[in-house]
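Chemist: Input structure: query-v3.cif, which contains mmCIF, C-alpha atoms.
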data_my_file
#
loop_
_atom_site.label_atom_id
_atom_site.label_comp_id
_atom_site.auth_asym_id
_atom_site.auth_seq_id
_atom_site.Cartn_x
_atom_site.Cartn_y
_atom_site.Cartn_z
CA MET A 20 18.80 -41.77 -67.97
CA ILE A 21 18.64 -43.28 -64.52
CA THR A 22 20.03 -46.77 -63.96
CA HIS A 23 17.90 -49.64 -62.74
CA ASP A 24 19.70 -49.71 -59.40
CA ALA A 25 19.31 -45.99 -58.86
CA ALA A 26 15.62 -46.15 -59.74
CA SER A 27 15.13 -49.15 -57.49
CA GLU A 28 16.65 -47.29 -54.55
CA LEU A 29 14.18 -44.45 -55.07
CA LEU A 30 11.00 -46.51 -55.34
CA ALA A 31 10.08 -46.40 -51.65
CA SER A 32 10.53 -42.63 -51.53
CA PHE A 33 8.67 -42.36 -54.83
CA ALA A 34 5.73 -44.29 -53.35
CA LEU A 35 5.65 -41.78 -50.50
CA ASP A 36 5.65 -38.83 -52.94
CA ALA A 37 8.95 -37.90 -51.32
CA VAL A 38 11.13 -37.34 -54.38
CA GLU A 39 11.76 -34.04 -56.12
CA ASP A 40 10.37 -33.35 -59.57
CA GLU A 41 13.45 -34.21 -61.61
CA GLU A 42 13.91 -37.55 -59.87
CA ARG A 43 10.20 -38.24 -60.22
CA ARG A 44 10.41 -37.82 -63.97
CA GLN A 45 13.46 -40.05 -64.16
CA VAL A 46 11.78 -42.77 -62.13
CA GLU A 47 8.62 -42.53 -64.21
CA ASP A 48 10.66 -42.93 -67.40
CA HIS A 49 12.35 -45.98 -65.95
CA LEU A 50 9.07 -47.49 -64.74
CA ALA A 51 7.71 -47.35 -68.27
CA THR A 52 10.28 -49.93 -69.33
CA CYS A 53 10.88 -51.98 -66.16
CA PRO A 54 8.16 -54.40 -65.00
CA ARG A 55 10.29 -55.44 -62.03
CA CYS A 56 10.35 -51.92 -60.67
CA ARG A 57 6.65 -51.48 -61.40
CA SER A 58 5.94 -54.55 -59.30
CA GLU A 59 8.15 -53.27 -56.49
CA LEU A 60 6.46 -49.88 -56.67
CA ASP A 61 3.02 -51.47 -56.46
CA ALA A 62 4.05 -53.23 -53.26
CA MET A 63 5.50 -50.02 -51.79
CA SER A 64 2.38 -48.09 -52.79
CA ALA A 65 0.21 -50.67 -51.03
CA VAL A 66 2.24 -50.17 -47.86
CA ALA A 67 1.86 -46.41 -48.20
CA ALA A 68 -1.89 -46.79 -48.67
CA ALA A 69 -2.11 -48.98 -45.58
CA MET A 70 -0.33 -46.29 -43.58
CA GLY A 71 -2.65 -43.61 -44.94
CA ASN A 72 -5.81 -45.59 -44.40
CA SER A 73 -7.33 -43.61 -41.58
CA VAL A 74 -10.98 -43.00 -42.26
CA GLU A 75 -12.51 -39.78 -41.02
CA PRO A 76 -16.15 -38.72 -41.03
CA LEU A 77 -16.91 -37.00 -44.30
CA PRO A 78 -17.85 -33.34 -44.08
CA GLU A 79 -21.47 -32.49 -44.66
CA GLY A 80 -22.12 -31.29 -48.17
CA LEU A 81 -18.90 -32.61 -49.69
CA TRP A 82 -20.63 -35.22 -51.82
CA SER A 83 -23.16 -32.65 -53.00
CA ASN A 84 -20.29 -30.44 -54.12
CA ILE A 85 -18.72 -33.30 -56.03
CA ALA A 86 -22.01 -34.37 -57.63
CA SER A 87 -22.77 -30.81 -58.67
CA ARG A 88 -19.44 -30.58 -60.49
CA LEU A 89 -19.92 -33.69 -62.56
CA PRO A 90 -19.98 -32.39 -66.12
CA GLU A 91 -23.25 -32.62 -67.98
CA ARG A 92 -23.08 -35.00 -70.87
CA GLY A 93 -26.04 -33.53 -72.75
CA ASP A 94 -28.89 -35.66 -73.90
CA GLU A 95 -26.67 -38.35 -75.34
CA GLU A 96 -27.58 -41.80 -74.24
CA PRO A 97 -24.86 -43.29 -72.08
CA PRO A 98 -23.32 -46.47 -73.38
CA PRO A 99 -24.89 -49.69 -72.13
CA MET A 100 -23.93 -50.20 -68.55
CA PRO A 101 -22.07 -53.26 -67.42
CA ARG A 102 -24.27 -55.29 -65.17
CA LEU A 103 -24.33 -54.27 -61.55
CA VAL A 104 -26.74 -57.14 -61.14
CA ALA A 105 -25.24 -60.58 -61.02
CA GLY A 106 -26.87 -63.90 -61.52
CA ASP A 107 -29.18 -62.88 -64.34
CA ARG A 108 -27.32 -62.99 -67.59
CA SER A 109 -30.45 -62.15 -69.51
CA THR A 110 -29.87 -58.55 -68.46
CA GLU A 111 -26.44 -58.43 -70.08
CA GLY A 112 -26.22 -55.29 -72.15
CA ALA A 113 -29.55 -53.98 -70.95
CA PRO A 114 -29.79 -50.41 -69.76
CA ASP A 115 -28.63 -50.31 -66.20
CA ALA A 116 -31.01 -49.38 -63.45
CA THR A 117 -28.30 -47.37 -61.77
CA GLY A 118 -27.39 -45.28 -64.80
CA ARG A 119 -27.67 -41.55 -64.44
CA GLY A 120 -30.30 -41.32 -67.18
CA ARG A 121 -32.64 -43.50 -65.23
CA LEU A 122 -32.08 -41.59 -62.05
CA ARG A 123 -33.55 -38.48 -63.51
CA GLY A 124 -36.94 -40.03 -64.07
CA PRO A 125 -39.43 -40.97 -61.43
CA MET A 126 -38.44 -44.05 -59.52
CA ALA A 127 -41.82 -45.47 -58.79
CA THR A 128 -41.07 -49.10 -58.22
CA LEU A 129 -39.58 -50.65 -55.17
CA GLY A 130 -36.95 -52.27 -57.34
CA ALA A 131 -35.63 -48.92 -58.38
CA LEU A 132 -36.00 -47.56 -54.89
CA ALA A 133 -34.17 -50.54 -53.54
CA VAL A 134 -31.26 -50.03 -55.92
CA ALA A 135 -30.93 -46.47 -54.73
CA ALA A 136 -31.20 -47.54 -51.14
CA ALA A 137 -28.68 -50.28 -51.74
CA ALA A 138 -26.21 -47.66 -52.89
CA VAL A 139 -25.85 -46.72 -49.26
CA ALA A 140 -25.87 -50.26 -47.96
CA ALA A 141 -23.34 -52.95 -47.28
CA LEU A 142 -20.01 -53.19 -45.56
CA LEU A 143 -17.80 -56.15 -44.78
CA GLY A 144 -19.54 -59.47 -45.28
CA VAL A 145 -22.79 -58.17 -44.01
CA GLY A 146 -24.27 -54.98 -45.35
CA LEU A 147 -23.83 -52.05 -43.06
CA VAL A 148 -24.56 -48.39 -43.20
CA ARG A 149 -24.16 -45.75 -40.64
CA ALA A 150 -27.04 -43.33 -40.54
CA ASP A 151 -25.00 -40.25 -41.14
CA ASP A 152 -24.68 -37.50 -43.66
CA ARG A 153 -23.52 -39.85 -46.37
CA VAL A 154 -26.92 -41.45 -46.35
CA ALA A 155 -28.50 -38.09 -47.01
CA HIS A 156 -26.13 -37.46 -49.89
CA TYR A 157 -27.08 -40.65 -51.65
CA GLN A 158 -30.71 -40.13 -51.05
CA SER A 159 -30.42 -36.68 -52.52
CA LEU A 160 -28.58 -38.14 -55.46
CA ALA A 161 -31.28 -40.67 -56.11
CA ARG A 162 -34.07 -38.15 -55.58
CA VAL A 163 -35.54 -40.56 -53.10
CA GLY A 164 -36.34 -39.85 -49.48
CA THR A 165 -36.03 -42.39 -46.75
CA ALA A 166 -39.68 -41.95 -45.92
CA GLU A 167 -40.55 -43.05 -49.43
CA THR A 168 -38.11 -45.93 -49.26
CA VAL A 169 -39.53 -47.12 -45.97
CA ALA A 170 -43.08 -46.70 -47.27
CA ALA A 171 -42.18 -48.78 -50.32
CA ALA A 172 -40.57 -51.44 -48.14
CA LEU A 173 -43.75 -51.64 -46.09
CA GLU A 174 -45.62 -52.48 -49.30
CA VAL A 175 -43.41 -55.47 -50.08
CA PRO A 176 -45.19 -58.79 -49.59
CA GLY A 177 -43.60 -60.76 -46.79
CA HIS A 178 -42.01 -57.77 -45.06
CA GLN A 179 -41.58 -57.92 -41.31
CA VAL A 180 -41.76 -55.10 -38.84
CA VAL A 181 -39.40 -55.66 -35.93
CA THR A 182 -40.00 -53.70 -32.76
CA LEU A 183 -36.97 -53.23 -30.53
CA GLU A 184 -37.89 -52.94 -26.90
CA THR A 185 -36.11 -52.55 -23.61
CA ALA A 186 -36.19 -55.31 -21.02
CA GLY A 187 -39.14 -53.42 -19.54
CA GLN A 188 -40.93 -53.66 -22.92
CA ALA A 189 -40.64 -49.96 -23.74
CA GLU A 190 -40.39 -49.53 -27.51
CA LEU A 191 -37.22 -47.70 -28.58
CA ALA A 192 -36.97 -48.42 -32.31
CA ARG A 193 -38.80 -50.10 -35.13
CA PHE A 194 -37.34 -51.57 -38.32
CA VAL A 195 -38.86 -53.05 -41.45
CA VAL A 196 -37.07 -56.01 -43.03
CA VAL A 197 -37.99 -57.14 -46.54
CA PRO A 198 -37.50 -60.71 -47.80
CA ASP A 199 -34.38 -59.95 -49.87
CA GLY A 200 -32.51 -59.01 -46.69
CA ARG A 201 -32.73 -55.23 -46.72
CA GLY A 202 -33.88 -53.45 -43.62
CA TYR A 203 -34.75 -49.86 -42.80
CA LEU A 204 -35.24 -47.90 -39.62
CA ILE A 205 -38.87 -46.80 -39.42
CA SER A 206 -38.75 -44.88 -36.19
CA SER A 207 -36.57 -44.39 -33.13
CA THR A 208 -36.92 -42.88 -29.72
CA LEU A 209 -33.40 -43.88 -28.68
CA PRO A 210 -32.09 -41.05 -26.51
CA THR A 211 -29.22 -38.98 -27.91
CA LEU A 212 -25.79 -40.12 -26.73
CA ALA A 213 -22.65 -38.10 -26.07
CA SER A 214 -20.55 -37.77 -29.23
CA HIS A 215 -17.95 -40.26 -28.04
CA HIS A 216 -20.57 -43.01 -28.03
CA THR A 217 -22.68 -44.54 -30.77
CA TYR A 218 -25.56 -46.93 -31.05
CA GLN A 219 -24.59 -50.09 -32.90
CA LEU A 220 -27.08 -52.41 -34.56
CA TRP A 221 -26.58 -56.15 -34.32
CA GLY A 222 -28.29 -59.00 -36.07
CA THR A 223 -28.35 -62.44 -34.49
CA ILE A 224 -27.43 -64.92 -37.19
CA ALA A 225 -26.82 -68.58 -36.29
CA ASN A 226 -26.95 -67.57 -32.64
CA LYS A 227 -24.09 -65.10 -33.05
CA PRO A 228 -24.34 -61.31 -32.97
CA ILE A 229 -23.12 -59.80 -36.26
CA SER A 230 -22.63 -56.07 -36.57
CA LEU A 231 -25.08 -54.51 -38.99
CA GLY A 232 -23.68 -51.04 -38.58
CA LEU A 233 -23.22 -47.96 -36.49
CA LEU A 234 -26.36 -45.91 -36.00
CA GLY A 235 -24.61 -42.83 -34.64
CA PRO A 236 -25.42 -41.10 -31.36
CA SER A 237 -28.87 -40.00 -32.49
CA PRO A 238 -30.35 -42.49 -34.96
CA ARG A 239 -32.82 -41.13 -37.45
CA GLN A 240 -32.18 -43.05 -40.65
CA ALA A 241 -30.51 -46.38 -41.21
CA THR A 242 -30.32 -49.04 -43.86
CA PHE A 243 -28.77 -52.45 -43.60
CA THR A 244 -28.55 -55.61 -45.64
CA VAL A 245 -28.17 -59.18 -44.53
CA ALA A 246 -27.62 -62.23 -46.70
CA THR A 247 -30.80 -64.16 -47.25
CA THR A 248 -28.82 -67.37 -46.90
CA ALA A 249 -28.20 -66.57 -43.24
CA PRO A 250 -31.53 -66.16 -41.48
CA LEU A 251 -31.75 -63.24 -39.12
CA SER A 252 -33.42 -64.18 -35.85
CA LYS A 253 -33.06 -61.03 -33.76
CA LEU A 254 -32.13 -57.35 -34.00
CA SER A 255 -30.57 -55.58 -31.07
CA VAL A 256 -28.95 -52.24 -30.30
CA THR A 257 -26.04 -51.62 -27.95
CA VAL A 258 -24.15 -48.52 -26.86
CA GLU A 259 -20.52 -48.61 -28.00
CA PRO A 260 -17.51 -46.29 -28.22
CA ALA A 261 -17.76 -43.92 -31.21
CA GLY A 262 -15.74 -46.17 -33.52
CA GLY A 263 -17.94 -49.17 -32.86
CA SER A 264 -17.03 -52.59 -31.53
CA VAL A 265 -16.29 -55.94 -33.10
CA VAL A 266 -18.49 -57.70 -30.56
CA PRO A 267 -21.14 -56.19 -28.28
CA SER A 268 -19.40 -54.70 -25.27
CA GLY A 269 -22.47 -54.77 -23.07
CA GLN A 270 -26.10 -55.66 -22.78
CA ALA A 271 -28.46 -54.60 -25.52
CA VAL A 272 -30.47 -51.50 -24.71
CA ALA A 273 -33.25 -52.82 -26.90
CA SER A 274 -33.91 -55.91 -28.96
CA GLY A 275 -36.63 -57.54 -31.00
CA THR A 276 -37.30 -60.92 -32.58
CA VAL A 277 -37.47 -61.13 -36.36
CA MET B 16 -29.93 -59.98 -57.38
CA GLN B 17 -26.62 -58.46 -56.45
CA GLN B 18 -26.87 -54.99 -54.97
CA ILE B 19 -24.51 -52.18 -55.79
CA GLY B 20 -23.04 -52.50 -52.34
CA ASP B 21 -21.91 -55.98 -53.23
CA VAL B 22 -20.18 -55.28 -56.53
CA SER B 23 -16.41 -55.19 -56.70
CA ASP B 24 -14.45 -51.97 -56.86
CA ALA B 25 -13.31 -52.90 -60.36
CA GLN B 26 -16.94 -53.25 -61.46
CA LEU B 27 -17.71 -49.91 -59.89
CA VAL B 28 -14.97 -48.24 -61.88
CA THR B 29 -16.26 -49.83 -65.07
CA SER B 30 -19.69 -48.44 -64.28
CA ILE B 31 -18.22 -45.01 -63.55
CA ALA B 32 -16.72 -45.12 -67.04
CA ARG B 33 -20.28 -45.55 -68.28
CA TYR B 34 -21.40 -42.40 -66.45
CA SER B 35 -23.03 -44.06 -63.47
CA GLU B 36 -23.29 -41.46 -60.74
CA VAL B 37 -24.57 -44.12 -58.39
CA ALA B 38 -21.37 -46.09 -58.93
CA LEU B 39 -19.32 -42.97 -58.19
CA ALA B 40 -21.43 -42.36 -55.11
CA GLU B 41 -20.78 -45.90 -53.96
CA ALA B 42 -17.03 -45.47 -54.55
CA TYR B 43 -17.22 -42.28 -52.51
CA ARG B 44 -19.12 -44.06 -49.76
CA ARG B 45 -16.55 -46.83 -49.61
CA HIS B 46 -13.40 -44.77 -49.87
CA GLY B 47 -14.27 -41.09 -49.39
CA GLY B 48 -13.52 -41.15 -45.68
CA ALA B 49 -10.07 -42.60 -46.26
CA VAL B 50 -9.30 -40.15 -49.08
CA TYR B 51 -10.41 -37.23 -46.94
CA GLY B 52 -8.73 -38.59 -43.82
CA LEU B 53 -5.32 -38.88 -45.45
CA ALA B 54 -5.56 -35.46 -47.08
CA ARG B 55 -6.53 -33.90 -43.79
CA ARG B 56 -3.71 -35.62 -41.97
CA VAL B 57 -1.13 -34.37 -44.47
CA LEU B 58 -2.61 -30.88 -44.84
CA ASN B 59 -3.87 -30.46 -41.29
CA ASN B 60 -6.62 -28.36 -42.82
CA SER B 61 -10.19 -29.52 -43.36
CA ALA B 62 -11.10 -27.12 -46.16
CA GLU B 63 -8.05 -28.01 -48.23
CA ALA B 64 -8.67 -31.69 -47.56
CA GLU B 65 -12.19 -31.28 -48.93
CA ASP B 66 -10.75 -29.72 -52.08
CA VAL B 67 -8.38 -32.65 -52.48
CA THR B 68 -11.21 -35.13 -51.96
CA GLN B 69 -13.29 -33.40 -54.62
CA GLU B 70 -10.37 -33.44 -57.06
CA VAL B 71 -9.73 -37.12 -56.45
CA PHE B 72 -13.32 -38.21 -57.12
CA LEU B 73 -13.81 -35.83 -60.06
CA ARG B 74 -10.67 -37.28 -61.57
CA LEU B 75 -12.00 -40.78 -61.03
CA TRP B 76 -15.12 -39.66 -62.89
CA ASP B 77 -13.17 -38.06 -65.74
CA GLN B 78 -10.39 -40.61 -66.05
CA PRO B 79 -11.53 -43.93 -64.62
CA ASP B 80 -9.19 -45.74 -67.01
CA ARG B 81 -6.23 -44.54 -64.97
CA PHE B 82 -7.14 -47.07 -62.30
CA ASP B 83 -5.54 -50.42 -63.10
CA ALA B 84 -7.08 -53.15 -60.99
CA SER B 85 -4.16 -55.44 -61.74
CA ARG B 86 -1.78 -53.10 -59.92
CA GLY B 87 -3.58 -52.70 -56.63
CA SER B 88 -6.86 -51.94 -54.93
CA LEU B 89 -9.07 -48.96 -55.68
CA ARG B 90 -8.52 -47.80 -52.09
CA SER B 91 -4.74 -47.81 -52.64
CA TYR B 92 -5.11 -45.95 -55.92
CA LEU B 93 -7.38 -43.28 -54.46
CA LEU B 94 -5.16 -42.87 -51.41
CA ALA B 95 -2.14 -42.38 -53.66
CA GLN B 96 -4.09 -39.74 -55.58
CA SER B 97 -5.12 -38.06 -52.35
CA HIS B 98 -1.61 -38.11 -50.97
CA GLY B 99 -0.05 -36.76 -54.14
CA ARG B 100 -2.45 -33.83 -54.28
CA ALA B 101 -2.12 -33.13 -50.59
CA VAL B 102 1.67 -33.12 -50.85
CA ASP B 103 1.50 -30.81 -53.88
CA ALA B 104 -0.60 -28.43 -51.83
CA VAL B 105 1.75 -28.62 -48.87
CA ARG B 106 4.70 -27.87 -51.12
CA SER B 107 3.04 -24.96 -52.88
CA LEU B 108 4.27 -21.53 -51.92
CA ASN B 109 1.08 -20.55 -50.16
CA SER B 110 0.98 -23.68 -48.12
CA ARG B 111 4.66 -23.51 -47.35
CA ARG B 112 4.03 -20.20 -45.62
CA LEU B 113 1.68 -21.98 -43.25
CA ARG B 114 3.83 -25.05 -42.72
CA GLU B 115 5.37 -24.00 -39.46
CA GLU B 116 2.04 -23.06 -38.01
CA ARG B 117 0.58 -26.37 -39.10
CA ASN B 118 3.43 -28.36 -37.72
CA ALA B 119 2.88 -26.67 -34.40
CA GLN B 120 -0.81 -27.58 -34.57
CA ARG B 121 0.01 -31.09 -35.65
CA THR B 122 1.71 -31.83 -32.36
CA ALA B 123 -1.36 -30.76 -30.48
CA THR B 124 -3.81 -32.64 -32.67
CA ALA B 125 -1.87 -35.79 -33.38
CA ALA B 126 -4.44 -37.92 -31.63
CA TYR B 127 -7.11 -36.82 -34.07
CA ASP B 128 -10.48 -38.47 -33.89
CA MET B 129 -11.07 -41.19 -36.39
CA ASP B 130 -14.29 -42.81 -37.34
CA HIS B 131 -12.91 -46.11 -38.48
CA GLU B 132 -15.08 -48.81 -39.76
CA ILE B 133 -14.14 -52.08 -38.16
CA TRP B 134 -11.86 -53.25 -40.94
CA ASP B 135 -10.10 -49.92 -41.07
CA LEU B 136 -9.69 -50.01 -37.32
CA ALA B 137 -8.09 -53.43 -37.48
CA LEU B 138 -5.77 -52.34 -40.28
CA ALA B 139 -4.85 -49.17 -38.43
CA ASP B 140 -3.90 -51.25 -35.43
CA GLN B 141 -1.72 -53.49 -37.55
CA VAL B 142 -0.07 -50.51 -39.24
CA ALA B 143 0.56 -48.81 -35.91
CA GLN B 144 2.04 -52.01 -34.54
CA ALA B 145 4.25 -52.49 -37.60
CA LEU B 146 5.43 -48.87 -37.46
CA GLY B 147 6.21 -49.39 -33.81
CA GLU B 148 8.46 -52.30 -34.64
CA LEU B 149 10.60 -50.30 -37.06
CA PRO B 150 13.92 -48.90 -35.87
CA GLY B 151 13.25 -45.34 -34.72
CA GLU B 152 15.28 -43.67 -37.44
CA GLU B 153 13.44 -45.56 -40.16
CA ARG B 154 10.04 -44.77 -38.67
CA ARG B 155 10.85 -41.09 -38.28
CA ALA B 156 12.08 -40.76 -41.85
CA ILE B 157 8.96 -42.45 -43.24
CA GLU B 158 6.60 -40.41 -41.09
CA MET B 159 8.26 -37.13 -42.00
CA ALA B 160 8.10 -37.99 -45.69
CA TYR B 161 4.59 -39.40 -45.78
CA PHE B 162 2.63 -37.50 -43.18
CA GLU B 163 4.47 -34.20 -43.28
CA GLY B 164 4.95 -34.05 -47.04
CA HIS B 165 8.74 -33.71 -47.07
CA THR B 166 10.98 -35.04 -49.81
CA TYR B 167 13.68 -37.40 -48.62
CA GLN B 168 16.19 -34.61 -49.31
CA GLU B 169 14.27 -32.31 -46.97
CA VAL B 170 14.08 -35.06 -44.36
CA ALA B 171 17.86 -35.44 -44.62
CA ARG B 172 18.38 -31.74 -44.08
CA LEU B 173 15.97 -31.62 -41.16
CA LEU B 174 17.58 -34.63 -39.51
CA ARG B 175 21.11 -33.54 -40.50
CA GLN B 176 21.78 -36.86 -42.11
CA PRO B 177 23.24 -37.66 -45.54
CA GLU B 178 20.57 -37.95 -48.26
CA GLY B 179 21.68 -41.46 -49.14
CA THR B 180 21.26 -42.54 -45.53
CA VAL B 181 17.72 -41.23 -45.36
CA LYS B 182 16.84 -42.71 -48.74
CA GLY B 183 18.10 -46.07 -47.52
CA ARG B 184 16.21 -45.82 -44.24
CA ILE B 185 12.98 -45.10 -46.08
CA ARG B 186 13.59 -48.01 -48.40
CA ASN B 187 14.52 -50.45 -45.65
CA GLY B 188 11.68 -49.26 -43.45
CA MET B 189 9.09 -49.61 -46.18
CA ARG B 190 10.28 -53.12 -47.00
CA ARG B 191 10.20 -54.00 -43.33
CA MET B 192 6.67 -52.59 -43.11
CA ARG B 193 5.60 -54.71 -46.04
CA ASP B 194 7.01 -57.85 -44.43
CA LEU B 195 5.42 -57.06 -41.06
CA LEU B 196 2.03 -56.34 -42.58
CA MET B 197 2.16 -59.48 -44.69
CA ALA B 198 3.07 -61.49 -41.61
CA ALA B 199 0.07 -59.92 -39.87
CA GLY B 200 -2.15 -61.14 -42.67
CA VAL B 201 -2.71 -57.85 -44.49
CA GLN B 202 -3.06 -59.28 -47.97
CA GLU B 203 -3.32 -55.92 -49.69
CA VAL B 204 0.44 -55.37 -49.39
CA GLY B 205 1.31 -58.70 -50.93
CA ALA B 206 1.41 -57.33 -54.50
#
For the file at hand, write its structure as C-alpha cells.
Modeler:
Amino acid sequence: MITHDAASELLASFALDAVEDEERRQVEDHLATCPRCRSELDAMSAVAAAMGNSVEPLPEGLWSNIASRLPERGDEEPPPMPRLVAGDRSTEGAPDATGRGRLRGPMATLGALAVAAAAVAALLGVGLVRADDRVAHYQSLARVGTAETVAAALEVPGHQVVTLETAGQAELARFVVVPDGRGYLISSTLPTLASHHTYQLWGTIANKPISLGLLGPSPRQATFTVATTAPLSKLSVTVEPAGGSVVPSGQAVASGTV
Amino acid sequence: MQQIGDVSDAQLVTSIARYSEVALAEAYRRHGGAVYGLARRVLNNSAEAEDVTQEVFLRLWDQPDRFDASRGSLRSYLLAQSHGRAVDAVRSLNSRRLREERNAQRTATAAYDMDHEIWDLALADQVAQALGELPGEERRAIEMAYFEGHTYQEVARLLRQPEGTVKGRIRNGMRRMRDLLMAAGVQEVGA
C-alpha cells in the first residue's frame, strides 16, 4: 500500500501517463480513498490537457469510420432524450429531434434540417464552421445535403440573400441568412488560395468585425450562426494565414450589406 | 431555440448516453482535432493516430458515464484518453521497434502544421510561453514524458539522472505550469 506522500509525489507523472504499471495501480488504489489527491490529479491533468491541446485537421473519412462502428441497438426505442433545446420546457421529455431514430427518417422540415445543419455550426461566442471535410461528415450523418439545406433556407420567410462583391462590384460569393441567425454559403467564385492561406468570413456586429469562421482556401460549403440579439450589418471575406486571424489582417476581398 | 452547437459539453455527453449520434458528432467536431492532434504528436504516425481517435470516440459512445464533468472539461478528459492510448501504443513491442526511427523523424517534423481554431491558438501560445519559462531540466523531463511517451524512470535513464530527481522535476514543473497558466488567465487549469 502506497503512502499518501509517495502517491502525491507521483501524481504529476501519473497525469502524464509516465508511471509504470505497478505504480499506476498503486496510485489508482490510493486515489480511490483520497479526495485531496484526486483534486491534485485533476489540476495536473488539466495542465497536461492544455499542453496536449494542439488541434490538427481531421483526416478525411475518419468520422465515417467512427460512425460506421457505432453498434446497432436494434429497433428498441432509445430512452427519452434530454433536451438539446433550451427555453421551451414544454418539450421536456419529448422525443429529441437529434436522436438517431429520427435521423433515419426523412427530414422534410426546415426545423429538422436546421438541427442537422446546426450540428456543424458554432464556435466561440459566435457560431463558426470551417467548410472542410467535417462538414461533409455531418451532412452524411444527417442524410442531408448542403444543397437541400440551402434550398430549405431559401424557403424561410424573412430570409436574406447577401451578395459579397469586390470593390469593383464583381460578385465573388453569395450567402443566405435566415431570421434565427443561421447562414449558408449559396455559391462562391472565390479563387483557390495556396494551402498556407485561407479565406475568413467576418460579420460586422455593432460596427466591429467578428470572425464567423474559416472558409478554407477553396470555399464550397459553409455554415455559420450569429446571435439574433446582435444584428449583423455586413458580411465580408478576407485572406488570412491558414490558422486564421483574430482580427482582419487586411482589406476585405469582398463584402456585402445584410 | 438553442442549437446543438450551443449546448454544453456535459449536455452533449448526456445526449450521447441516450444514443444521440448527432451529439457524438458534435463532440467529435469540437474535440476530434485535439484528440487526433495529440495522438499524432505522441505517435508521430497518422494512421495510428486515427486508430486512437476512433477508440476514444467509440469509448465515449460506449461508456459516456466515465466522463465526470465535476472533475474537468470534456476536452481534458478526451485528451487524457487520447494520450493514454497513444502512450500504450508507443510502449507496445511493435511500436517500440519503430521508436528510434520516429524520434529521428520527430526532430525533422517538430514544427508540424496545426490548424488551430482561435481559442486553441491562444491557449497554445500561453502553453508555449509557460513551458518556456520553466527551468530547462524541468521542461525537458516533462516533454520527454508527455510528448515522447517515456515513463519518468525511462526519462531518468536517458538523462542519466536519479529517478527521484526526475520525478521531482516533473512534479515541480507541472505545478509551475499550473501557476503560470492560471496567472495567464487559463481557467481550465484552476481545478
Chemist: Name the residues that the PyMOL selection byres ((chain A and resi 267) around 10) picks from the file above, as a ChimeraX atom specification, using the file's chain letters and numbers.
Modeler: /A:219-221,228-230,255-259,263-266,268-271
Chemist: Here is a test: counting all atoms listed in the file, which residue of A:Ala186, A:Ala261, A:Leu254, A:Val272 is nearest to A:Leu209?
Modeler: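 Looking at the shortest contact to A:Leu209, the residue is A:Val272.
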Chemist: To one decimal place in Å, what is the distance between atom CA of B:Tyr161 and atom CA of B:Glu178?
Modeler: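 One can read the atom CA of B:Tyr161 to atom CA of B:Glu178 distance as 16.2 Å.
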Chemist: For atom CA of A:Ala51 and atom CA of B:Leu89, determine how far apart the two atoms are, in Å to one decimal place.
Modeler: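 Separation of atom CA of A:Ala51 and atom CA of B:Leu89: 21.0 Å.
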Chemist: Name every residue that the PyMOL selection byres ((chain B and resi 48) around 6) selects in this structure, writing the answer as a PyMOL selection string with chains first and numbers rising.
Modeler: (chain A and resi 74-77) or (chain B and resi 46-47+49-52)
Chemist: Do you know which residues the PyMOL selection byres ((chain A and resi 199) around 9) returns on this file, as a PyMOL selection string?
Modeler: (chain A and resi 196-198+200-201+244-247) or (chain B and resi 16)
Chemist: Restricting the calculation to only C-alpha atoms, which member of A:Arg193, A:Arg57, A:Arg44, A:His215 is positioned closest to A:Thr276?
Modeler: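 Using only C-alpha atoms, the shortest distance to A:Thr276 belongs to A:Arg193.
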